[in-house]
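Peer 1: Take a look at the following structure, please.
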Amino acid sequence: MRYFKEKDSDTNTIPNRKCIKSRTTLQVIKETFYEYFEESSIHGFRYIGEKRPAFDRIIWLIAVILSFLTCSYLIKNIWEKRSNEPVIVSFNEKLTPVWEIPFPAVTICAETKSHTKLFNFTEIYWKISDNKNITEDKKYNWEAISQICRPRLEMHSFGRHFANAPDLIMAMLKLAPIFNETMNDCYWKHTNFECDEYFDYTLTDEGICYSFNSLKSAHYRTELYNSRRKEFIGYKFDNDRNLDWDLENGYNKQANEETFPKRVLGDGELESLILFITDSKQNNEFMCRNGVHGFKIILHTPGEEPNVSKKFVSIPFDQTAVITINPQIVSTSDGLEDYHPEKRQCYYQNERYLRYFTVYTQVNCELECLANQTLAKCGCVKFSMPRNSSHPVCGAASLKCLDDVIKNSNTVKFQQRNIPNQNNDFSNFCHCLPTCFEVEYKAEVEHQVDINVMETATAFREEDLDFLLENRVTQIHIYFKADVFNGLKRSELYSETDFIANCGGLLGLFMGFSTLSLVELVYFFTIRLWKNLKTRKINLRKELKK
């Protein structure tokens with residue numbers, strides 16, 4: 001259909017070739033434009049292109065523009081949400097059985113930091129306060145134990161600013177209650193085993209602790225591992241077993257029940273870790289730990305450093321405690337790999353390098369970052385922090401500076417929350433996001449029952465009863481609360497398919513637009529326009545020949 005007619009040219013005048021060509025090209029474009037409007041499948045376009053009253057065409061033009069603007073605004077909102085908040089955390093589609101994750105690493109920290117027969121912290125404290133002379137050995141032992149006492153005692157000027165790490169840790173090891181006397185009896189799945197077979201010494205922010213199911217050789221880098229081994233000469237520091245598990249991929253399919261790290265096949269008492277922990281009643285020291293006695297139990301992921309001061313369950317002496325494990329596992333869908341870590345709010349193992357740990361976890365990252373902050377401000381690091389042999393270790397005189405850095409660590413993270421990530425350079429700030437595959441073990445103390453030795457005396461042999469009367473006993477049962485649990489999963493809020501489907505739905509709703517509408521648009525203003533121009537050119541030549 002033609003909407004424009006050529007004007008009759010003057011028969012006495014030869015038409016100007018350039019003017020005719022220019023006029024007819026514009027005419028072809030207009031004809032193609034109106035032809036598209038008449039034939040278009042997009043709603044409303046036909047009413048604009050048809051020969052209708054001007055008022056009708058204006059109304060339909062306004063309706064089409066409003067629909068287009070509304071559709072554009074809604075698509076813009078979807079795009080911004082996909083770009084700025086691309087992740088949604090939901091329950092995993094399938095239940096996860098407990099045998100797919102390892103039994104947690106269990107770290108036991110005694111509140112008793114020194115055997116009173118070897119070193120009485122309170123006695124030495126008062127001697128120092130009264131300016132009495134003490135031997136160099138006792139002075140150094142006091143400096144060592146004061147690093148793990150709470151609250152801090154205002155005697156920092158007495159000690160040295162820097163300490164020799166091997167000597168400091170060896171003093172803690174020698175003064176701490178003996179391992180075989182503390183870890184008295186151990187059972188794994190109701191089978192008795194020598195406690196030192198699976199427990200090893202662990203250096204934490206509260207001194208010497210004991211860990212079950214730990215993976216030091218697997219998650220320490222050589223620099224840190226060699227440094228720790230030198231400081232624990234003569235003490236069992238690592239289980240040193242071959243691993244069949246990693247945090248992102250889980251257990252190897254070939255791994256059997258007796259793998260490492262250890263795992264269980266179900267919940268309840270039959271699949272539990274049972275510990276009998278003891279301490280001599282003579283170790284009744286009040287000043288160092290402010291009168292608190294018993295043990296701290298920390299459940300953490302194998303390959304992760306135990307952070308005793310932030311995550312623990314406190315169990316007093318002379319009780320039987322049942323601790324149930326409620327694991328929380330968070331996985332990440334493959335569709336998020338191409339997103340920036342800031343967008344998905346997690347790191348894959350190959351995205352964030354830690355200097356001292358081969359396994360990235362948020363706890364490991366924060367410990368390493370805190371060590372860097374402490375070294376920068378105090379010129380030394382705490383004895384338990386990740387470090388190498390060249391880093392100075394803080395002595396008693398540096399404890400106030402060290403405490404200030406630890407207290408202000410959250411403030412530092414808050415102040416640095418908006419520092420941009422440039423080339424993955426994390427040397428000046430933490431930016432410790434969670435790992436994209438993480439396992440968290442939440443401990444719940446189900447019940448505690450007091451142990452009355454006198455009431456149960458008839459159940460023991462005479463030598464056992466003498467031992468119980470001289471010592472305080474704690475019995476701990478640790479097992480999973482259920483044999484399956486619901487995990488969480490990070491996934492794309494809008495995948496490419498979801499985004500296209502949402503945009504297509506809006507375009508269809510407001511414009512009647514489809515993929516074929518796009519093909520139609522391209523066709524009319526490429527192939528159809530080219531053919532119309534070609535036809536006009538041929539007609540023009542015929543007219544010029546006449």
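Residues are named by chain letter and number: chains run A, B, ... in the order of the structure tokens, numbers start at 1 in each chain, and ligands are numbered from 1 in the order shown.
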Per DSSP on the backbone, what are the alpha helix (DSSP H) residues of stretch 34-183 of chain A, as a PyMOL selection string?
Peer 2: chain A and resi 34-39+45-49+54-84+121-129+136-146+165-175+179-182
Peer 1: Any chance you could export the current selection's C-alpha atoms as a compact mmCIF listing (two decimals), in the first residue's frame?
Peer 2:
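The resulting result23.txt:
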# COMPACT_ATOMS: atom_id res chain seq x y z
CA TYR A 34 4.24 2.82 7.44
CA GLU A 35 4.20 -0.66 5.97
CA TYR A 36 5.92 -1.97 9.10
CA PHE A 37 3.39 -0.18 11.30
CA GLU A 38 0.53 -1.74 9.36
CA GLU A 39 1.91 -5.27 9.41
CA PHE A 45 1.55 0.01 16.13
CA ARG A 46 -1.16 -0.75 13.53
CA TYR A 47 -3.48 1.93 14.91
CA ILE A 48 -0.69 4.51 14.64
CA GLY A 49 0.08 3.63 11.03
CA ALA A 54 -5.23 12.39 14.29
CA PHE A 55 -6.75 12.23 17.78
CA ASP A 56 -6.99 8.42 17.64
CA ARG A 57 -3.43 8.09 16.45
CA ILE A 58 -2.16 10.40 19.21
CA ILE A 59 -4.01 8.39 21.88
CA TRP A 60 -2.50 5.16 20.61
CA LEU A 61 0.95 6.75 20.35
CA ILE A 62 0.74 7.87 24.00
CA ALA A 63 -0.42 4.38 25.05
CA VAL A 64 2.50 2.72 23.22
CA ILE A 65 5.04 5.15 24.72
CA LEU A 66 3.70 4.64 28.27
CA SER A 67 3.75 0.87 27.86
CA PHE A 68 7.31 1.06 26.53
CA LEU A 69 8.50 3.27 29.41
CA THR A 70 6.83 1.09 32.04
CA CYS A 71 8.31 -2.05 30.53
CA SER A 72 11.77 -0.44 30.36
CA TYR A 73 11.56 0.67 34.00
CA LEU A 74 10.63 -2.84 35.21
CA ILE A 75 13.35 -4.48 33.12
CA LYS A 76 15.84 -1.96 34.55
CA ASN A 77 14.82 -3.00 38.08
CA ILE A 78 15.36 -6.67 37.25
CA TRP A 79 18.75 -5.89 35.75
CA GLU A 80 19.88 -3.88 38.78
CA LYS A 81 18.74 -6.61 41.16
CA ARG A 82 20.55 -9.23 39.10
CA SER A 83 23.71 -7.09 39.05
CA ASN A 84 23.73 -5.88 42.66
CA PHE A 121 50.63 -18.05 89.57
CA THR A 122 48.88 -16.30 92.46
CA GLU A 123 51.84 -16.73 94.78
CA ILE A 124 54.29 -15.30 92.24
CA TYR A 125 51.94 -12.44 91.42
CA TRP A 126 51.88 -11.22 95.01
CA LYS A 127 55.65 -11.56 95.32
CA ILE A 128 56.08 -9.36 92.25
CA SER A 129 53.53 -6.88 93.63
CA GLU A 136 64.71 -15.88 86.68
CA ASP A 137 62.92 -19.14 85.91
CA LYS A 138 59.86 -18.12 87.93
CA LYS A 139 59.97 -14.66 86.42
CA TYR A 140 59.95 -16.10 82.91
CA ASN A 141 57.23 -18.61 83.81
CA TRP A 142 55.09 -15.77 85.15
CA GLU A 143 55.57 -13.87 81.89
CA ALA A 144 54.52 -16.96 79.91
CA ILE A 145 51.40 -17.78 81.94
CA SER A 146 50.31 -14.13 82.19
CA ALA A 165 58.76 -18.06 70.99
CA PRO A 166 60.22 -21.57 71.50
CA ASP A 167 61.09 -20.81 75.14
CA LEU A 168 57.70 -19.21 75.78
CA ILE A 169 55.73 -22.13 74.37
CA MET A 170 57.97 -24.70 76.03
CA ALA A 171 57.30 -23.02 79.38
CA MET A 172 53.54 -23.30 78.76
CA LEU A 173 53.92 -26.96 77.78
CA LYS A 174 55.93 -27.85 80.88
CA LEU A 175 53.67 -25.99 83.30
CA PHE A 179 48.18 -34.67 78.84
CA ASN A 180 47.77 -38.27 80.05
CA GLU A 181 46.41 -37.03 83.36
CA THR A 182 43.99 -34.60 81.71
Peer 1: If you count only C-alpha atoms, which residues fall within 10 Å of stretch 486-494 of chain A, apart from same-chain ones fewer than 2 positions away, as number ranges by chain?
Peer 2: A: 78-79, 81-83, 85-97, 327-336, 339, 344-346, 436-439, 484, 496-502
Peer 1: Let's see if you can do this: from backbone DSSP, list all strand (DSSP E or B) residues in stretch 39-241 of chain A, as a PyMOL selection string.
Peer 2: chain A and resi 87-97+105-110+162-163+183-188+191-193+199-204+207-212+220
Peer 1: When you look at stretch 527-530 of chain A with a cut-off of 9 Å (counting only C-alpha atoms), what residues show up, excluding the ones that are within fewer than 2 positions of it in the same chain? I need them as a PyMOL selection string.
Peer 2: chain A and resi 28-29+32-33+522-525+532-535
Peer 1: Restrict the selected residues to N, CA and C atoms and save them as a compact mmCIF listing (two decimals), in the first residue's frame.
Peer 2:
# COMPACT_ATOMS: atom_id res chain seq x y z
N VAL A 28 10.73 6.06 -0.04
CA VAL A 28 10.82 4.61 0.22
C VAL A 28 10.92 4.32 1.71
N ILE A 29 11.69 5.12 2.42
CA ILE A 29 11.84 4.90 3.87
C ILE A 29 10.50 5.11 4.57
N THR A 32 8.21 2.19 3.78
CA THR A 32 8.60 1.00 4.56
C THR A 32 8.20 1.16 6.02
N PHE A 33 8.37 2.37 6.53
CA PHE A 33 8.02 2.64 7.92
C PHE A 33 6.52 2.41 8.15
N VAL A 522 13.80 -6.29 12.28
CA VAL A 522 15.06 -6.32 11.53
C VAL A 522 14.77 -6.53 10.05
N TYR A 523 13.82 -7.42 9.76
CA TYR A 523 13.50 -7.73 8.36
C TYR A 523 13.01 -6.49 7.62
N PHE A 524 12.07 -5.74 8.21
CA PHE A 524 11.47 -4.60 7.52
C PHE A 524 12.50 -3.51 7.23
N PHE A 525 13.43 -3.31 8.12
CA PHE A 525 14.34 -2.18 7.96
C PHE A 525 15.72 -2.63 7.45
N ASN A 532 12.90 -2.40 -1.46
CA ASN A 532 12.12 -1.24 -1.86
C ASN A 532 13.00 -0.17 -2.50
N LEU A 533 14.18 0.03 -1.92
CA LEU A 533 15.11 0.99 -2.50
C LEU A 533 15.58 0.55 -3.88
N LYS A 534 15.82 -0.75 -3.99
CA LYS A 534 16.26 -1.27 -5.28
C LYS A 534 15.17 -1.11 -6.34
N THR A 535 13.94 -1.39 -5.95
CA THR A 535 12.82 -1.23 -6.89
C THR A 535 12.66 0.23 -7.30
Peer 1: Neighbours of stretch 381-398 of chain A within 6 Å (only C-alpha atoms; same-chain residues fewer than 4 positions away dropped), as an MDAnalysis selection string?
Peer 2: chainID A and resid 143 156:157 159:163 203:205 224 227 371 374:375
Peer 1: Would you export the selected residues with C-alpha atoms as an mmCIF file, in the first residue's frame, please?
Peer 2:
data_model
loop_
_atom_site.group_PDB
_atom_site.id
_atom_site.type_symbol
_atom_site.label_atom_id
_atom_site.label_comp_id
_atom_site.auth_asym_id
_atom_site.auth_seq_id
_atom_site.Cartn_x
_atom_site.Cartn_y
_atom_site.Cartn_z
ATOM 1 C CA GLU A 143 55.566 -13.866 81.886
ATOM 2 C CA HIS A 156 53.005 -5.046 82.045
ATOM 3 C CA SER A 157 56.085 -2.986 82.896
ATOM 4 C CA GLY A 159 58.037 -8.142 81.771
ATOM 5 C CA ARG A 160 59.826 -7.771 78.453
ATOM 6 C CA HIS A 161 58.423 -6.350 75.236
ATOM 7 C CA PHE A 162 59.557 -9.337 73.176
ATOM 8 C CA ALA A 163 59.782 -13.012 74.047
ATOM 9 C CA LEU A 203 48.438 -23.770 70.133
ATOM 10 C CA THR A 204 45.480 -21.425 70.640
ATOM 11 C CA ASP A 205 44.905 -17.899 71.919
ATOM 12 C CA LEU A 224 54.074 -22.033 59.572
ATOM 13 C CA SER A 227 57.911 -23.019 62.803
ATOM 14 C CA ALA A 371 48.367 -11.020 63.048
ATOM 15 C CA THR A 374 49.205 -6.628 65.504
ATOM 16 C CA LEU A 375 52.620 -6.744 63.868
#
